[in-house]
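Novice: Sharing a structure with you now.
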Amino acid sequence: MKKTFVLIIFCILSISLSAQYSTRQRFEFIHHLVKSDDFKEALIELNDLEGKTNSDSLHYLKGWSLYSLKQLTNSAYNLKRVSKNSNFYNKSHFFAAYNYTHTRNYKEAKKILSDIETNARFKQLKNFESSGIALLERNFDIYENTHLNLSSEAILPALQTEVENLNKLYSSIKNRKQKKMWLAGLMSAAIPGSGKIYAGKTGEGIASFLMVASTGVVTLENHRKLGIRNFKTILFGSIFTIFYVGNIYGSVFSVKISNEEFNHEMDQKILFNLHIPLRNIFN
Amino acid sequence: MKWIKRYYLIYIFLCGTFSISQAKNNQILIKADSLFSMEEYQSAAIEYERFLYFSDTEQSNLNCLYKKALCYKQLNEFAKACKTLERINLFRENIDNYIDIKRELSLCYYLDNKLQKAQMQITQLKHKAKTLPKETQLIEIFILNEMKRWDTAHEKARQYANQYLKEEPYKNFALKKIDSLYSKKNLPNLKSVEKAENLSRFIPGAGQIYCGKITEGSFTFLFNGAFLALGIQQIFTKFYFTGYMAGFGVLHKTYTGNMARTKQLANKTNKVRHTSFNEAIIKYMLNL
């Protein structure tokens, strides 16, 4: 009886072992692939597991692999599916929010952040990320409120530098007067190139001034010596007019470009400062 | 007796478990090999890695890593192939395996455009092996070509033909062909960027003509000449501003543009000629 019992157990064990690798083993293997930076291979394995299991590890690893491959929207979708019971819950949801922030889907990012159930430790991080999004949206009231909460508590060491950086960026954005396109056009009409200098492009402004001034002087010289109806005067006069009008048009657009460049630069710096604490805290 | 029986059963149980685990791993290896032979290289690479991860022994590691690298080579992922081959512990391997691995490494580094690393693999191989494998000899020739070391490449190409072509008439024909390919007349006539720039500095357009663009060079010369003439003529007729601004001002722009264009053209011409020469050699040597 005893022998039969042992034999049955042995047989059951043999059958189960000789089958495919268990899901746990497959996850171990996927972890190994992710650690070796073989994200593409990890994704193939994870896609194969999709449908067979619905575990948090699947969503986390898929999201992380996609994040590493810079497929941020898909990554966010998978990371936000990680449930509260998982050890990777905080990491996944904070990174999902960051991924949405990076792809300018601020609404979804804010929703994920507000839904995160955190302990006191991560509350600061949550406020910090929210304040960063507010700054990206140029919503200064929300930024000040969330940042005030952050400053009232003892700031986490991993956040200290970035909180200061974000404050500096906030000051730069708030103190910068948005340049006016019409003013640049008007300035360039009065003194060619001055509109571009106003837009912050000093070199371009000086070059434009020299160009317009030189064609103007040549036109004037020909006008004085040959009269207004002479072909040379008409030719250089036309060139001067084209340069003059073109410079006004260019100045108007250089203000627009300058504003866009400033905003883009600020956005990149904000995103960088939002990303660093996540990597420091969760890695 | 009771204890002996118990120990006996435990022993059978552990042996069984171990042998099943081994069998499972071997199944993975068979699966990987099948995928490899079915040319499903991506899946095969994953299965080889799975085997390596779950394997307790290092017995089949070399074979697995080697085949995994071949999978990546087939997928044109040469950097990954190199990374996989670099995982092999060569100190334990015999000379045949060492040669095979170094051969693949040099090929993958060459295909990944890492010429110095490829050359380093060949140098290491030369220290261990008496003669280089056929493929590695070819890679060495191609690397030398890429590095513009034509004389050494020529010598190696001749050695290759002498070593591998047995039939005398065919060998003589191949040697002649190699000599003609590496003849001074056929070597890529690479242009000196500095010389091209200097030519254009003194005679605008001359640099372009030196690089083989005669029409472009002639137009550049006429264009620059026209603005120079305009500037001088205007100054002689006392139109000082017009002469200075419309003549010399525009000339300055066309002149500096001409210099930049000459440099770009010389580099482009050299690249095209070098590539075309190398491709002709590669095509011929691979067909030998």
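By convention here, the chains of the structure tokens are called A, B, ... in the order presented, each chain's residues are numbered starting at 1, and ligands are numbered starting at 1 in the order presented.
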For Met147 in chain B, please output as a list in words all residues within 10 Å (counting only C-alpha atoms; exclusion window: fewer than 6 positions along the same chain).
Specialist: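 Returned residues: Leu115, Gln116, Ile141 and Ala153 of chain B.
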Novice: Just want the 9 Å neighbourhood of range 172-183 of chain B, counted on only C-alpha atoms, with same-chain residues fewer than 2 positions away dropped. Output as a ChimeraX atom specification.
Specialist: /B:150-151,153-154,157-158,161-162,165,167-170,185-187,277,280-281,284-285,288
Novice: Produce a file of the selected residues containing N, CA and C atoms, as a short mmCIF file (atom, residue, chain, number, x, y, z; two decimals), in the first residue's frame.
Specialist:
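The file below, part_26.cif, is the result:
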```cif
data_model
loop_
_atom_site.label_atom_id
_atom_site.label_comp_id
_atom_site.auth_asym_id
_atom_site.auth_seq_id
_atom_site.Cartn_x
_atom_site.Cartn_y
_atom_site.Cartn_z
N TRP B 150 45.90 49.00 -49.23
CA TRP B 150 45.75 48.23 -50.46
C TRP B 150 46.87 47.20 -50.64
N ASP B 151 48.13 47.61 -50.33
CA ASP B 151 49.27 46.71 -50.59
C ASP B 151 49.14 45.42 -49.79
N ALA B 153 46.43 44.24 -48.44
CA ALA B 153 45.22 43.54 -48.89
C ALA B 153 45.52 42.74 -50.16
N HIS B 154 46.27 43.36 -51.07
CA HIS B 154 46.65 42.71 -52.33
C HIS B 154 47.45 41.43 -52.04
N ALA B 157 45.25 38.78 -50.62
CA ALA B 157 44.34 38.23 -51.64
C ALA B 157 45.08 37.22 -52.51
N ARG B 158 46.33 37.52 -52.83
CA ARG B 158 47.14 36.59 -53.63
C ARG B 158 47.39 35.30 -52.84
N ALA B 161 44.31 33.17 -52.91
CA ALA B 161 44.11 32.48 -54.19
C ALA B 161 45.09 31.31 -54.32
N ASN B 162 46.35 31.55 -53.92
CA ASN B 162 47.35 30.48 -54.00
C ASN B 162 46.99 29.31 -53.11
N LEU B 165 43.02 27.80 -54.51
CA LEU B 165 42.73 27.41 -55.90
C LEU B 165 43.76 26.36 -56.32
N GLU B 167 43.48 24.20 -59.24
CA GLU B 167 43.70 24.05 -60.69
C GLU B 167 44.55 25.22 -61.20
N GLU B 168 45.67 24.86 -61.83
CA GLU B 168 46.68 25.86 -62.22
C GLU B 168 46.14 26.96 -63.15
N PRO B 169 45.41 26.60 -64.23
CA PRO B 169 44.95 27.68 -65.12
C PRO B 169 43.99 28.64 -64.43
N TYR B 170 43.11 28.06 -63.62
CA TYR B 170 42.13 28.88 -62.92
C TYR B 170 42.82 29.79 -61.89
N LYS B 185 46.14 51.60 -61.61
CA LYS B 185 45.11 52.21 -62.46
C LYS B 185 43.71 52.01 -61.86
N ASN B 186 43.53 50.83 -61.23
CA ASN B 186 42.20 50.50 -60.73
C ASN B 186 41.94 50.95 -59.29
N LEU B 187 43.03 51.26 -58.58
CA LEU B 187 42.85 51.69 -57.18
C LEU B 187 42.01 52.96 -57.15
N PHE B 277 35.12 50.47 -55.19
CA PHE B 277 36.31 49.61 -55.30
C PHE B 277 36.16 48.40 -54.37
N ALA B 280 33.69 45.80 -55.59
CA ALA B 280 34.21 44.99 -56.70
C ALA B 280 35.10 43.88 -56.16
N ILE B 281 35.96 44.21 -55.19
CA ILE B 281 36.86 43.20 -54.60
C ILE B 281 36.05 42.15 -53.85
N TYR B 284 34.30 39.77 -56.21
CA TYR B 284 35.21 38.82 -56.89
C TYR B 284 35.72 37.77 -55.90
N MET B 285 36.18 38.24 -54.73
CA MET B 285 36.79 37.31 -53.78
C MET B 285 35.77 36.28 -53.27
N LEU B 288 35.36 33.39 -55.71
CA LEU B 288 36.53 32.54 -56.00
C LEU B 288 36.30 31.11 -55.53
#
```
Novice: If we count only C-alpha atoms and set the cut-off at 9 Å, which residues sit around Leu85 in chain B, ignoring sequence neighbours fewer than 3 positions away in its own chain? Please answer as a PDB file with C-alpha atoms, in the first residue's frame.
Specialist:
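result03.pdb, freshly written:
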```
ATOM      1  CA  LEU B  62      29.245  26.623 -26.047  1.00  0.00           C
ATOM      2  CA  LEU B  65      25.734  30.371 -27.337  1.00  0.00           C
ATOM      3  CA  TYR B  66      27.293  29.724 -30.714  1.00  0.00           C
ATOM      4  CA  LYS B  68      22.251  31.757 -30.566  1.00  0.00           C
ATOM      5  CA  ALA B  69      24.853  34.051 -32.078  1.00  0.00           C
ATOM      6  CA  LYS B  80      23.750  41.059 -30.286  1.00  0.00           C
ATOM      7  CA  ALA B  81      25.598  38.249 -32.061  1.00  0.00           C
ATOM      8  CA  CYS B  82      28.923  39.694 -30.860  1.00  0.00           C
ATOM      9  CA  ILE B  88      31.733  32.138 -24.292  1.00  0.00           C
ATOM     10  CA  ILE B 101      34.245  31.344 -32.248  1.00  0.00           C
ATOM     11  CA  LYS B 102      36.921  33.829 -33.240  1.00  0.00           C
ATOM     12  CA  GLU B 104      32.352  34.217 -36.149  1.00  0.00           C
ATOM     13  CA  LEU B 105      33.346  37.089 -33.867  1.00  0.00           C
TER      14      LEU B 105
END
```
Novice: What does the distance between CA of Arg24 in chain A and CA of Leu58 in chain A come to in Å, to one decimal place?
Specialist: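 Distance reported for this atom pair: 10.8 Å.
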Novice: So that I can see what lies close to Pro188 in chain B, please list as JSON, numbers by chain the residues with an atom at most 12 Å from it, counting only C-alpha atoms and leaving out residues fewer than 6 positions away in the same chain.
Specialist: {"B": [145, 146, 148, 149, 150, 181, 182, 269, 270, 271, 272, 273, 274, 275, 276, 277, 278, 279, 280, 281]}
Novice: Could you pull out the residues in range 181-271 of chain B that DSSP calls helix (DSSP H, G or I) from the backbone, as an NGL selection string?
Specialist: :B and (181 or 193-202 or 206-210 or 214-236 or 240-271)
Novice: When you count only C-alpha atoms, which of these residues is closest to chain B: A:Phe240, A:Tyr77, A:Phe272, A:Tyr249?
Specialist: A:Phe240
Novice: For Gly257 in chain B, work out the shell of residues within 12 Å, counting only C-alpha atoms and skipping chain neighbours fewer than 4 positions away, then give it as a list in words.
Specialist: Glu197, Ser200, Arg201, Pro204, Gly205, Thr220, Phe223, Asn224, Val250, Leu251, His252, Lys253, Arg261, Thr262, Lys263 and Gln264 of chain B
Novice: Rounded to one decimal place, report the CA of Ile116 in chain A-CA of Thr23 in chain A distance in Å.
Specialist: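 Atom-to-atom, CA of Ile116 in chain A to CA of Thr23 in chain A, that is 28.2 Å.
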